[in-house]
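File shown here: query-v1.cif, holding mmCIF, C-alpha atoms and all ligand atoms.
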```cif
data_entry
loop_
_atom_site.label_atom_id
_atom_site.label_comp_id
_atom_site.auth_asym_id
_atom_site.auth_seq_id
_atom_site.Cartn_x
_atom_site.Cartn_y
_atom_site.Cartn_z
CA MET M 22 0.00 0.00 0.00
CA GLY M 23 2.87 2.32 0.81
CA GLU M 24 4.52 1.76 -2.56
CA LEU M 25 1.22 2.18 -4.36
CA TYR M 26 0.57 5.38 -2.46
CA LYS M 27 4.01 6.74 -3.36
CA ALA M 28 3.64 5.76 -7.01
CA ILE M 29 0.25 7.44 -7.30
CA LYS M 30 1.42 10.56 -5.41
CA SER M 31 4.47 10.75 -7.70
CA GLY M 32 2.19 10.99 -10.71
CA PHE M 33 2.14 7.47 -12.11
CA LYS M 34 -1.23 6.69 -13.63
CA PRO M 35 -3.10 3.79 -11.96
CA GLU M 36 -3.37 2.08 -15.34
CA ASP M 37 0.45 1.94 -15.50
CA ILE M 38 0.85 0.31 -12.09
CA VAL M 39 1.35 -3.37 -11.32
CA TYR M 40 1.17 -4.44 -7.69
CA ASN M 41 3.15 -7.30 -6.25
CA SER M 42 3.77 -8.77 -2.82
CA PRO M 43 3.67 -12.27 -1.36
CA GLY M 44 1.81 -10.86 1.68
CA LYS M 45 -0.85 -8.32 0.82
CA ARG M 46 -3.05 -7.28 3.72
CA ILE M 47 -6.79 -6.76 3.29
CA ARG M 48 -6.33 -3.00 3.31
CA ASP M 49 -3.54 -3.25 0.71
CA LEU M 50 -5.88 -5.13 -1.61
CA HIS M 51 -8.72 -2.68 -0.90
CA TYR M 52 -6.46 0.22 -1.83
CA ALA M 53 -5.27 -1.48 -5.04
CA VAL M 54 -8.80 -2.40 -6.17
CA LYS M 55 -10.21 1.03 -5.31
CA ASN M 56 -7.49 2.73 -7.36
CA GLU M 57 -8.27 0.48 -10.34
CA ILE M 58 -4.64 -0.20 -11.11
CA ASN M 59 -3.51 -2.11 -14.19
CA CYS M 60 -2.84 -5.41 -12.50
CA ILE M 61 -2.58 -7.13 -9.14
CA ASN M 62 -0.18 -10.07 -9.24
CA VAL M 63 -1.86 -12.82 -7.23
CA ASP M 64 0.42 -15.05 -5.20
CA SER M 65 -1.79 -17.96 -3.97
CA PHE M 66 -5.21 -19.62 -4.18
CA TYR M 67 -6.07 -18.01 -0.84
CA GLU M 68 -5.28 -14.54 -2.13
CA LEU M 69 -7.28 -15.14 -5.31
CA GLU M 70 -10.47 -15.83 -3.32
CA LEU M 71 -9.80 -12.95 -0.92
CA LEU M 72 -9.30 -10.52 -3.77
CA ASN M 73 -12.49 -11.66 -5.48
CA ASN M 74 -14.43 -11.05 -2.25
CA ILE M 75 -12.88 -7.63 -1.70
CA ALA M 76 -13.60 -6.53 -5.27
CA GLY M 77 -17.19 -7.79 -4.81
CA GLU M 78 -17.64 -5.80 -1.58
CA LEU M 79 -16.40 -2.68 -3.36
CA GLY M 80 -18.62 -3.31 -6.39
CA LEU M 81 -15.50 -3.25 -8.60
CA ARG M 82 -13.49 -5.72 -10.64
CA ALA M 83 -9.83 -6.64 -10.07
CA SER M 84 -7.46 -7.20 -12.99
CA ILE M 85 -4.96 -9.90 -12.18
CA SER M 86 -1.95 -11.90 -13.22
CA LEU M 87 -0.87 -15.07 -11.49
CA ARG M 88 2.71 -15.16 -10.27
CA VAL M 89 4.46 -18.39 -11.12
CA VAL M 90 7.79 -19.80 -10.00
CA PRO M 91 9.25 -21.01 -13.32
CA GLU M 92 11.88 -23.15 -11.52
CA VAL M 93 14.76 -21.06 -12.86
CA THR M 94 17.82 -20.79 -10.61
CA VAL M 95 19.82 -17.55 -10.82
CA PRO M 96 23.30 -16.57 -9.54
CA THR M 97 21.95 -14.32 -6.73
CA LEU M 98 18.89 -14.86 -4.50
CA GLN M 99 16.19 -17.24 -5.68
CA THR M 100 12.67 -15.91 -6.17
CA GLY M 101 11.66 -18.14 -9.08
CA ILE M 102 11.81 -21.67 -7.64
CA SER M 103 9.32 -23.58 -5.50
CA ARG M 104 11.77 -23.58 -2.57
CA SER M 105 11.14 -19.80 -2.37
CA LYS M 106 8.05 -18.25 -0.77
CA PHE M 107 6.65 -16.73 -3.96
CA GLY M 108 3.81 -17.51 -6.33
CA PHE M 109 2.21 -20.63 -7.74
CA GLU M 110 4.05 -23.75 -8.83
CA ILE M 111 3.83 -24.56 -12.53
CA GLY M 112 1.68 -27.65 -11.81
CA GLU M 113 -0.97 -25.53 -10.04
CA LEU M 114 -1.44 -22.99 -12.78
CA LEU M 115 -4.11 -24.68 -14.87
CA LYS M 116 -6.34 -25.11 -11.82
CA ALA M 117 -5.61 -21.56 -10.66
CA TYR M 118 -6.44 -19.96 -14.03
CA ARG M 119 -9.61 -22.07 -14.32
CA ARG M 120 -10.68 -20.86 -10.88
CA ALA M 121 -9.80 -17.23 -11.69
CA LEU M 122 -11.93 -17.40 -14.85
CA GLU M 123 -14.90 -18.63 -12.79
CA LEU M 124 -14.72 -15.81 -10.25
CA LYS M 125 -17.25 -13.05 -10.78
CA ASN M 126 -15.13 -10.05 -9.82
CA ILE M 127 -11.82 -11.03 -11.40
CA ASP M 128 -10.47 -10.17 -14.86
CA VAL M 129 -7.58 -12.40 -15.91
CA LYS M 130 -4.94 -10.29 -17.63
CA GLY M 131 -1.60 -12.00 -17.52
CA ILE M 132 1.13 -14.11 -16.04
CA HIS M 133 4.05 -12.93 -13.93
CA ALA M 134 7.43 -14.38 -13.06
CA HIS M 135 10.24 -12.74 -11.13
CA ILE M 136 13.34 -14.90 -10.96
CA GLY M 137 15.62 -12.68 -8.87
CA SER M 138 17.31 -9.34 -8.57
CA GLN M 139 20.62 -8.62 -10.39
CA VAL M 140 20.15 -11.57 -12.74
CA SER M 141 23.54 -11.34 -14.37
CA ASP M 142 23.59 -14.34 -16.69
CA LEU M 143 21.80 -14.61 -19.99
CA THR M 144 20.99 -18.29 -19.47
CA SER M 145 18.57 -17.43 -16.64
CA TRP M 146 16.69 -15.02 -18.93
CA GLU M 147 16.69 -17.62 -21.65
CA ASN M 148 15.30 -20.30 -19.32
CA ALA M 149 12.67 -18.00 -17.79
CA SER M 150 11.33 -16.74 -21.11
CA LYS M 151 11.30 -20.24 -22.62
CA THR M 152 9.33 -21.62 -19.68
CA ILE M 153 6.82 -18.77 -19.69
CA VAL M 154 6.24 -19.18 -23.43
CA ARG M 155 5.65 -22.90 -22.93
CA ILE M 156 3.16 -22.24 -20.11
CA VAL M 157 1.28 -19.54 -22.02
CA ASN M 158 0.98 -21.79 -25.10
CA GLN M 159 -0.21 -24.71 -22.97
CA LEU M 160 -2.90 -22.57 -21.30
CA TYR M 161 -4.07 -21.53 -24.76
CA ASP M 162 -4.13 -25.11 -26.04
CA SER M 163 -5.85 -26.61 -23.00
CA ILE M 164 -8.46 -23.99 -22.01
CA GLY M 165 -8.28 -21.48 -24.85
CA LEU M 166 -6.97 -18.80 -22.46
CA LYS M 167 -5.55 -15.72 -24.21
CA LEU M 168 -3.57 -13.47 -21.93
CA GLU M 169 -3.07 -9.78 -22.50
CA HIS M 170 0.42 -9.57 -21.04
CA ILE M 171 3.48 -11.41 -19.76
CA ASN M 172 5.32 -9.72 -16.89
CA LEU M 173 8.92 -10.90 -16.54
CA GLY M 174 9.56 -8.75 -13.49
CA GLY M 175 12.76 -7.08 -12.36
CA GLY M 176 16.24 -8.53 -12.30
CA ILE M 177 17.93 -6.39 -14.94
CA PRO M 178 21.49 -6.19 -13.63
CA VAL M 179 23.84 -3.29 -12.96
CA ASP M 180 27.60 -3.45 -13.41
CA TYR M 181 28.81 -2.64 -9.89
CA THR M 182 32.40 -3.25 -10.91
CA ARG M 183 32.72 -0.64 -13.62
CA THR M 184 34.51 1.71 -11.23
CA LEU M 185 36.50 -1.10 -9.65
CA ILE M 186 39.69 -0.11 -7.93
CA GLU M 187 40.19 -3.12 -5.68
CA GLU M 188 43.02 -5.20 -7.03
CA ASP M 189 43.39 -7.93 -4.50
CA ARG M 190 40.46 -10.24 -5.03
CA GLU M 191 38.12 -11.61 -7.65
CA LEU M 192 34.57 -10.51 -6.90
CA PRO M 193 31.66 -12.91 -7.44
CA THR M 194 30.50 -12.67 -11.04
CA TYR M 195 27.03 -11.45 -10.17
CA TYR M 196 28.31 -7.95 -9.31
CA ARG M 197 29.13 -7.41 -12.94
CA THR M 198 27.46 -7.87 -16.29
CA ASN M 199 29.63 -9.23 -19.04
CA PHE M 200 27.05 -8.37 -21.67
CA ASP M 201 25.04 -5.42 -22.84
CA VAL M 202 21.60 -5.43 -21.20
CA CYS M 203 20.11 -5.13 -24.72
CA GLU M 204 21.05 -8.80 -25.07
CA ILE M 205 18.46 -9.57 -22.39
CA ALA M 206 15.84 -7.88 -24.54
CA LYS M 207 17.00 -9.90 -27.56
CA THR M 208 16.94 -13.18 -25.63
CA ILE M 209 13.41 -12.52 -24.35
CA SER M 210 12.01 -11.34 -27.65
CA ASP M 211 13.58 -14.24 -29.58
CA ASN M 212 11.73 -16.63 -27.29
CA LEU M 213 8.45 -14.69 -27.36
CA ARG M 214 8.35 -15.28 -31.12
CA ASN M 215 7.30 -18.84 -30.29
CA LEU M 216 4.03 -17.69 -28.72
CA LYS M 217 0.83 -18.74 -30.45
CA TYR M 218 -0.59 -15.21 -30.23
CA ASP M 219 0.70 -11.69 -29.50
CA VAL M 220 1.01 -10.39 -25.94
CA LYS M 221 2.33 -7.24 -24.32
CA LEU M 222 5.59 -7.62 -22.40
CA TYR M 223 6.02 -5.90 -19.03
CA ILE M 224 9.45 -5.42 -17.42
CA GLU M 225 10.11 -3.91 -13.96
CA PRO M 226 13.59 -2.42 -14.28
CA GLY M 227 13.89 -0.93 -10.75
CA ARG M 228 17.49 -1.54 -9.73
CA SER M 229 18.90 -0.94 -13.18
CA LEU M 230 17.23 2.48 -13.40
CA VAL M 231 18.18 3.86 -10.02
CA ALA M 232 21.39 2.17 -8.84
CA ASP M 233 23.91 4.63 -10.20
CA ALA M 234 21.69 7.66 -9.56
CA CYS M 235 22.83 7.81 -5.96
CA VAL M 236 26.10 8.28 -4.06
CA LEU M 237 26.48 7.91 -0.30
CA LEU M 238 28.82 10.43 1.34
CA THR M 239 30.24 9.44 4.71
CA ARG M 240 32.94 10.93 6.94
CA ILE M 241 35.91 9.09 8.43
CA VAL M 242 35.58 9.50 12.22
CA ASN M 243 38.28 7.22 13.61
CA PHE M 244 41.55 5.57 12.60
CA LYS M 245 43.77 2.85 14.03
CA GLU M 246 46.75 0.82 12.95
CA ARG M 247 47.06 -2.80 14.14
CA SER M 248 50.37 -4.41 15.10
CA SER M 249 50.01 -6.41 11.87
CA GLY M 250 50.25 -3.14 9.97
CA GLU M 251 46.58 -3.22 8.94
CA ARG M 252 45.06 0.24 8.80
CA TRP M 253 41.45 0.68 9.86
CA LEU M 254 39.13 3.52 8.98
CA ILE M 255 35.87 3.90 10.92
CA ILE M 256 33.22 5.88 9.08
CA ASP M 257 29.92 7.36 10.22
CA ALA M 258 27.75 5.16 7.96
CA GLY M 259 27.24 1.54 8.95
CA PHE M 260 24.65 -1.02 7.98
CA ASN M 261 22.04 1.32 9.45
CA VAL M 262 22.56 3.21 6.16
CA LEU M 263 23.51 0.36 3.80
CA PRO M 264 21.96 -2.82 5.25
CA SER M 265 22.56 -4.71 2.01
CA ALA M 266 26.32 -4.53 2.63
CA ARG M 267 25.78 -6.62 5.73
CA ILE M 268 22.78 -8.80 4.89
CA LEU M 269 23.63 -9.60 1.28
CA ARG M 270 27.35 -8.77 1.47
CA TRP M 271 26.69 -6.41 -1.39
CA TYR M 272 29.62 -4.75 -3.09
CA TYR M 273 29.71 -0.99 -3.59
CA PRO M 274 32.86 0.73 -4.95
CA ILE M 275 34.35 3.28 -2.53
CA VAL M 276 36.44 6.33 -3.40
CA ASN M 277 37.93 9.10 -1.28
CA ALA M 278 35.92 12.13 -2.42
CA SER M 279 38.21 14.49 -0.49
CA ARG M 280 41.27 13.24 -2.43
CA ILE M 281 39.65 12.09 -5.62
CA SER M 282 42.63 12.96 -7.81
CA GLU M 283 45.16 11.12 -5.62
CA LYS M 284 46.17 7.57 -6.48
CA HIS M 285 43.95 4.98 -4.76
CA ASN M 286 46.57 2.34 -4.09
CA VAL M 287 46.86 1.81 -0.33
CA ARG M 288 44.87 -0.89 1.44
CA PHE M 289 42.50 -0.04 4.27
CA ARG M 290 39.95 -1.97 6.27
CA ILE M 291 36.70 -0.03 6.56
CA GLY M 292 34.13 -0.34 9.34
CA GLY M 293 30.97 1.47 10.39
CA PRO M 294 30.15 2.98 13.79
CA LEU M 295 27.72 0.31 15.07
CA CYS M 296 28.20 -2.11 17.99
CA ASP M 297 28.03 -5.12 15.66
CA ALA M 298 31.30 -6.82 14.58
CA GLU M 299 29.76 -7.43 11.15
CA ASP M 300 29.34 -3.70 10.63
CA VAL M 301 32.26 -3.66 8.21
CA TYR M 302 32.63 -3.47 4.44
CA HIS M 303 34.35 -6.81 4.03
CA ASP M 304 33.03 -10.32 4.61
CA VAL M 305 33.98 -11.27 8.18
CA GLU M 306 32.56 -14.80 8.10
CA GLY M 307 33.80 -15.51 4.57
CA GLU M 308 37.28 -14.42 5.60
CA GLU M 309 37.30 -17.03 8.35
CA TYR M 310 36.52 -19.84 5.90
CA ASN M 311 38.37 -18.33 2.93
CA ARG M 312 35.11 -17.94 0.99
CA GLU M 313 34.89 -14.19 0.83
CA LYS M 314 32.29 -12.44 -1.26
CA LEU M 315 33.74 -8.99 -0.70
CA PRO M 316 37.25 -7.55 -1.03
CA ARG M 317 39.17 -7.78 2.23
CA TYR M 318 40.64 -4.28 1.78
CA ARG M 319 39.63 -1.16 -0.04
CA CYS M 320 42.23 0.84 -1.94
CA LEU M 321 42.36 4.52 -1.04
CA PRO M 322 44.98 7.29 -1.19
CA GLU M 323 47.96 6.99 1.16
CA LYS M 324 47.05 10.21 2.98
CA THR M 325 43.42 9.20 3.68
CA SER M 326 42.65 10.38 7.21
CA VAL M 327 39.98 11.30 9.77
CA GLY M 328 37.70 14.01 8.42
CA ASP M 329 37.92 12.87 4.77
CA ILE M 330 34.67 12.12 2.97
CA LEU M 331 34.37 8.70 1.34
CA ALA M 332 31.87 8.17 -1.47
CA PHE M 333 30.09 4.83 -1.94
CA LEU M 334 29.00 4.57 -5.57
CA HIS M 335 25.88 3.05 -7.21
CA VAL M 336 23.86 2.92 -3.96
CA GLY M 337 20.54 4.11 -5.43
CA ALA M 338 18.85 0.70 -5.39
CA TYR M 339 17.92 -0.77 -2.03
CA GLY M 340 19.71 2.25 -0.49
CA PRO M 341 17.64 5.26 0.56
CA GLU M 342 14.60 2.98 0.96
CA VAL M 343 16.06 0.80 3.68
CA LEU M 344 17.64 3.23 6.16
CA MET M 345 17.12 2.30 9.82
CA ASN M 346 17.65 3.73 13.28
CA PHE M 347 19.64 0.82 14.77
CA ASN M 348 21.87 1.85 17.72
CA GLY M 349 19.93 5.10 17.99
CA MET M 350 21.50 6.33 14.77
CA LEU M 351 19.70 9.14 13.00
CA LYS M 352 18.80 8.58 9.39
CA PRO M 353 20.81 10.81 7.05
CA PRO M 354 19.20 13.34 4.76
CA TYR M 355 19.19 12.86 1.04
CA ILE M 356 19.37 15.51 -1.60
CA MET M 357 18.89 15.56 -5.32
CA ILE M 358 21.34 17.40 -7.57
CA LEU M 359 19.44 18.66 -10.57
CA ARG M 360 20.86 18.90 -14.06
CA SER M 361 20.99 22.68 -13.60
CA GLY M 362 23.31 22.19 -10.62
CA ASP M 363 20.58 23.24 -8.17
CA ILE M 364 20.07 21.17 -5.06
CA LYS M 365 16.72 19.90 -3.88
CA ILE M 366 16.21 18.41 -0.43
CA ILE M 367 14.33 15.14 -0.78
CA ARG M 368 14.49 14.12 2.86
CA ARG M 369 15.90 16.02 5.82
CA SER M 370 17.93 14.24 8.45
CA ASP M 371 15.82 12.62 11.17
CA GLU M 372 17.68 14.77 13.61
CA LEU M 373 14.95 17.13 14.69
CA ASN M 374 12.12 14.60 14.77
CA ASP M 375 14.18 11.97 16.50
CA LEU M 376 15.58 14.29 19.12
CA LEU M 377 12.05 15.35 19.96
CA LEU M 378 11.07 11.69 20.19
CA TYR M 379 13.99 10.89 22.48
CA GLU M 380 13.07 13.83 24.72
CA GLU M 381 9.68 12.23 25.31
CA PHE M 382 11.37 9.18 26.80
C1 LIG V 401 8.09 -8.67 -8.37
C2 LIG V 401 9.33 -7.85 -8.31
N1 LIG V 401 9.54 -6.93 -9.25
C3 LIG V 401 10.65 -6.17 -9.23
C4 LIG V 401 11.59 -6.33 -8.25
C5 LIG V 401 12.79 -5.47 -8.30
O1 LIG V 401 13.76 -6.04 -9.06
P1 LIG V 401 15.15 -5.25 -9.21
O2 LIG V 401 15.94 -5.61 -8.00
O3 LIG V 401 15.71 -5.76 -10.47
O4 LIG V 401 14.82 -3.82 -9.25
C6 LIG V 401 11.42 -7.26 -7.25
C7 LIG V 401 12.46 -7.40 -6.23
O5 LIG V 401 12.67 -8.40 -5.60
C8 LIG V 401 10.25 -8.06 -7.27
O6 LIG V 401 10.04 -9.01 -6.35
#
```

Just give me the structure of the file as structure tokens.
Ligand SMILES: Cc1ncc(COP(=O)(O)O)c(C=O)c1O
Amino acid sequence: MGELYKAIKSGFKPEDIVYNSPGKRIRDLHYAVKNEINCINVDSFYELELLNNIAGELGLRASISLRVVPEVTVPTLQTGISRSKFGFEIGELLKAYRRALELKNIDVKGIHAHIGSQVSDLTSWENASKTIVRIVNQLYDSIGLKLEHINLGGGIPVDYTRTLIEEDRELPTYYRTNFDVCEIAKTISDNLRNLKYDVKLYIEPGRSLVADACVLLTRIVNFKERSSGERWLIIDAGFNVLPSARILRWYYPIVNASRISEKHNVRFRIGGPLCDAEDVYHDVEGEEYNREKLPRYRCLPEKTSVGDILAFLHVGAYGPEVLMNFNGMLKPPYIMILRSGDIKIIRRSDELNDLLLYEEF
């Protein structure tokens, strides 16, 4: 409901909005039906019946797709296999579409599959589009169902390594794309040619649109040198600001914005300010077992010191949306730099609100 609200407030037309979640509350569904959006992607038999009842109560109809897990495994996190929590299994689809066609307040519009985020190999796209084409053709052959659209979800990858300056370690391949994303379009459209009738294709290119639109600026607040010679920098942004660095061990390139023209060739360990030992920008557990996903060190200029500003690049996706107040940290502000060079404040720091809140305690 929150995402729908934001989309509508930002000026997206309801007929351009598709709504997805494996756990939609009654009020979420109410809101989606009332706003007459393009499509609600239904995730289970239970939700299908619930949605039909809600649409009936409102005297409206709900346009739907069914989300299917096409049993395609991807290099990152799995959202398209039956071991995941999402959608219908392939074997349930015929029954589910039959039921959806019987329901009085439901309009069947399409089919949806989302196989993962940052899907960085072409084979996964090939497998997903092949499977969806097979399913859509089978539905047509067996019950004469003609869908209006196929929604292949998000997953379009970003090359996080294009500003790579770490030299010491191979990063997992899923941080980079070794192909032009246009090849994804070609792979999908080549497979869609095997459909028995024409459909619209929907794509949800979230990460790939916003990732490199955002840079995180953080200040170095502490420094230490271990007896081993390792140099540590402690910065004022931890996983309260970039939780994906901790939870997914996500890689973001780091540069010293205060010394951007100096050579980045000296190794530093980088940690955040939180009480948690995993609040660091390398892979603590992986290091123990020699299975690291992240570089052990980051290369920065020799003279890097307390007070310098480090810039984390390509943090626009799963960045500003997931800030948290862990350890009583205040969420940072974020600002937009317009093409004209003007600055627009998108979100002020929590400072004032939070301090008022703390005073109440
Ligand atoms: C249905 C659906 N669409 C889109 C996305 C976003 O994909 P991306 O990370 O490629 O922006 C997700 C994320 O998991 C999703 O579940």

task: List all protein, DNA and RNA residues that have any atom at most 8 Å from ligand LIG 401 (chain V), counting only C-alpha atoms and all ligand atoms, and write the list as an MDAnalysis selection string.
output: chainID M and resid 41:42 100 134:135 137:140 174:178 225:230 338:339

Just C-alpha atoms for this one: save the residues we selected as a PDB file, in the frame of the given file.
```
ATOM      1  CA  ASN M  41       3.150  -7.300  -6.250  1.00  0.00           C
ATOM      2  CA  SER M  42       3.770  -8.770  -2.820  1.00  0.00           C
ATOM      3  CA  THR M 100      12.670 -15.910  -6.170  1.00  0.00           C
ATOM      4  CA  ALA M 134       7.430 -14.380 -13.060  1.00  0.00           C
ATOM      5  CA  HIS M 135      10.240 -12.740 -11.130  1.00  0.00           C
ATOM      6  CA  GLY M 137      15.620 -12.680  -8.870  1.00  0.00           C
ATOM      7  CA  SER M 138      17.310  -9.340  -8.570  1.00  0.00           C
ATOM      8  CA  GLN M 139      20.620  -8.620 -10.390  1.00  0.00           C
ATOM      9  CA  VAL M 140      20.150 -11.570 -12.740  1.00  0.00           C
ATOM     10  CA  GLY M 174       9.560  -8.750 -13.490  1.00  0.00           C
ATOM     11  CA  GLY M 175      12.760  -7.080 -12.360  1.00  0.00           C
ATOM     12  CA  GLY M 176      16.240  -8.530 -12.300  1.00  0.00           C
ATOM     13  CA  ILE M 177      17.930  -6.390 -14.940  1.00  0.00           C
ATOM     14  CA  PRO M 178      21.490  -6.190 -13.630  1.00  0.00           C
ATOM     15  CA  GLU M 225      10.110  -3.910 -13.960  1.00  0.00           C
ATOM     16  CA  PRO M 226      13.590  -2.420 -14.280  1.00  0.00           C
ATOM     17  CA  GLY M 227      13.890  -0.930 -10.750  1.00  0.00           C
ATOM     18  CA  ARG M 228      17.490  -1.540  -9.730  1.00  0.00           C
ATOM     19  CA  SER M 229      18.900  -0.940 -13.180  1.00  0.00           C
ATOM     20  CA  LEU M 230      17.230   2.480 -13.400  1.00  0.00           C
ATOM     21  CA  ALA M 338      18.850   0.700  -5.390  1.00  0.00           C
ATOM     22  CA  TYR M 339      17.920  -0.770  -2.030  1.00  0.00           C
TER      23      TYR M 339
END
```

task: Determine, counting all atoms listed in the file, which protein, DNA and RNA residues have an atom within 8 Å of an atom of M:Ser326; residues of the same chain fewer than 3 positions away are not included. Present the result as a list of chain:residue names.
output: M:Ile241, M:Phe244, M:Leu254, M:Asp329

task: Find the distance between atom CA of M:Ala234 and atom CA of M:Ile268 and write it in Å to one decimal.
output: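 So the two atoms, atom CA of M:Ala234 and atom CA of M:Ile268, lie 21.9 Å apart.
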
query: Between M:Ile291, M:Leu237, M:Ile358, M:Leu69, which is the closest to M:Val262 once you count all atoms listed in the file?
result: M:Leu237

field: Nearest-residue call for M:Arg317, choices M:Leu334, M:Ile364, M:Val343, M:Leu192, using all atoms listed in the file
entry: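 Ranked by minimum distance to M:Arg317, first place goes to M:Leu192.
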
message: I want to know what sits within 10 Å of M:Val236, based on all atoms listed in the file, with residues of the same chain fewer than 6 positions away left out; could you give that as a list in words?
response: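 The neighbour list is Tyr273, Ile275, Leu331, Ala332, Phe333, Leu334, His335, Val336, Gly337, Gly340 and Tyr355 of chain M.
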
So that I have them on file, write out the residues from the current selection with C-alpha atoms, as a PDB file, in the coordinates of the input.
```
ATOM      1  CA  TYR M 273      29.710  -0.990  -3.590  1.00  0.00           C
ATOM      2  CA  ILE M 275      34.350   3.280  -2.530  1.00  0.00           C
ATOM      3  CA  LEU M 331      34.370   8.700   1.340  1.00  0.00           C
ATOM      4  CA  ALA M 332      31.870   8.170  -1.470  1.00  0.00           C
ATOM      5  CA  PHE M 333      30.090   4.830  -1.940  1.00  0.00           C
ATOM      6  CA  LEU M 334      29.000   4.570  -5.570  1.00  0.00           C
ATOM      7  CA  HIS M 335      25.880   3.050  -7.210  1.00  0.00           C
ATOM      8  CA  VAL M 336      23.860   2.920  -3.960  1.00  0.00           C
ATOM      9  CA  GLY M 337      20.540   4.110  -5.430  1.00  0.00           C
ATOM     10  CA  GLY M 340      19.710   2.250  -0.490  1.00  0.00           C
ATOM     11  CA  TYR M 355      19.190  12.860   1.040  1.00  0.00           C
TER      12      TYR M 355
END
```

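Closest approach to M:Tyr196 from the set M:Ser249, M:Thr97, M:Ser265, M:Ser370 is made by M:Thr97, with distances taken over all atoms listed in the file.
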
For stretch 35-46 of chain M, supply N, CA, C and O atoms and format the output as a PDB file, keeping the file's coordinate frame.
```
ATOM      1  N   PRO M  35      -2.722   5.122 -12.455  1.00  0.00           N
ATOM      2  CA  PRO M  35      -3.100   3.790 -11.960  1.00  0.00           C
ATOM      3  C   PRO M  35      -3.028   2.726 -13.050  1.00  0.00           C
ATOM      4  O   PRO M  35      -2.603   1.597 -12.797  1.00  0.00           O
ATOM      5  N   GLU M  36      -3.379   3.106 -14.284  1.00  0.00           N
ATOM      6  CA  GLU M  36      -3.370   2.080 -15.340  1.00  0.00           C
ATOM      7  C   GLU M  36      -1.955   1.662 -15.749  1.00  0.00           C
ATOM      8  O   GLU M  36      -1.784   0.733 -16.534  1.00  0.00           O
ATOM      9  N   ASP M  37      -0.938   2.353 -15.220  1.00  0.00           N
ATOM     10  CA  ASP M  37       0.450   1.940 -15.500  1.00  0.00           C
ATOM     11  C   ASP M  37       1.068   1.193 -14.321  1.00  0.00           C
ATOM     12  O   ASP M  37       2.272   0.936 -14.306  1.00  0.00           O
ATOM     13  N   ILE M  38       0.269   0.899 -13.304  1.00  0.00           N
ATOM     14  CA  ILE M  38       0.850   0.310 -12.090  1.00  0.00           C
ATOM     15  C   ILE M  38       0.487  -1.167 -11.946  1.00  0.00           C
ATOM     16  O   ILE M  38      -0.655  -1.569 -12.118  1.00  0.00           O
ATOM     17  N   VAL M  39       1.525  -1.945 -11.628  1.00  0.00           N
ATOM     18  CA  VAL M  39       1.350  -3.370 -11.320  1.00  0.00           C
ATOM     19  C   VAL M  39       1.722  -3.544  -9.852  1.00  0.00           C
ATOM     20  O   VAL M  39       2.715  -2.975  -9.395  1.00  0.00           O
ATOM     21  N   TYR M  40       0.936  -4.311  -9.129  1.00  0.00           N
ATOM     22  CA  TYR M  40       1.170  -4.440  -7.690  1.00  0.00           C
ATOM     23  C   TYR M  40       1.508  -5.878  -7.314  1.00  0.00           C
ATOM     24  O   TYR M  40       0.792  -6.802  -7.667  1.00  0.00           O
ATOM     25  N   ASN M  41       2.590  -6.005  -6.563  1.00  0.00           N
ATOM     26  CA  ASN M  41       3.150  -7.300  -6.250  1.00  0.00           C
ATOM     27  C   ASN M  41       3.533  -7.398  -4.794  1.00  0.00           C
ATOM     28  O   ASN M  41       4.123  -6.459  -4.261  1.00  0.00           O
ATOM     29  N   SER M  42       3.236  -8.487  -4.147  1.00  0.00           N
ATOM     30  CA  SER M  42       3.770  -8.770  -2.820  1.00  0.00           C
ATOM     31  C   SER M  42       3.301 -10.174  -2.460  1.00  0.00           C
ATOM     32  O   SER M  42       2.180 -10.548  -2.790  1.00  0.00           O
ATOM     33  N   PRO M  43       4.145 -10.948  -1.769  1.00  0.00           N
ATOM     34  CA  PRO M  43       3.670 -12.270  -1.360  1.00  0.00           C
ATOM     35  C   PRO M  43       2.747 -12.179  -0.143  1.00  0.00           C
ATOM     36  O   PRO M  43       2.137 -13.161   0.238  1.00  0.00           O
ATOM     37  N   GLY M  44       2.631 -10.997   0.472  1.00  0.00           N
ATOM     38  CA  GLY M  44       1.810 -10.860   1.680  1.00  0.00           C
ATOM     39  C   GLY M  44       1.016  -9.571   1.667  1.00  0.00           C
ATOM     40  O   GLY M  44       1.387  -8.610   2.340  1.00  0.00           O
ATOM     41  N   LYS M  45      -0.048  -9.556   0.894  1.00  0.00           N
ATOM     42  CA  LYS M  45      -0.850  -8.320   0.820  1.00  0.00           C
ATOM     43  C   LYS M  45      -1.926  -8.377   1.894  1.00  0.00           C
ATOM     44  O   LYS M  45      -2.675  -9.357   1.978  1.00  0.00           O
ATOM     45  N   ARG M  46      -2.013  -7.321   2.687  1.00  0.00           N
ATOM     46  CA  ARG M  46      -3.050  -7.280   3.720  1.00  0.00           C
ATOM     47  C   ARG M  46      -4.386  -6.893   3.079  1.00  0.00           C
ATOM     48  O   ARG M  46      -4.413  -6.386   1.957  1.00  0.00           O
TER      49      ARG M  46
END
```
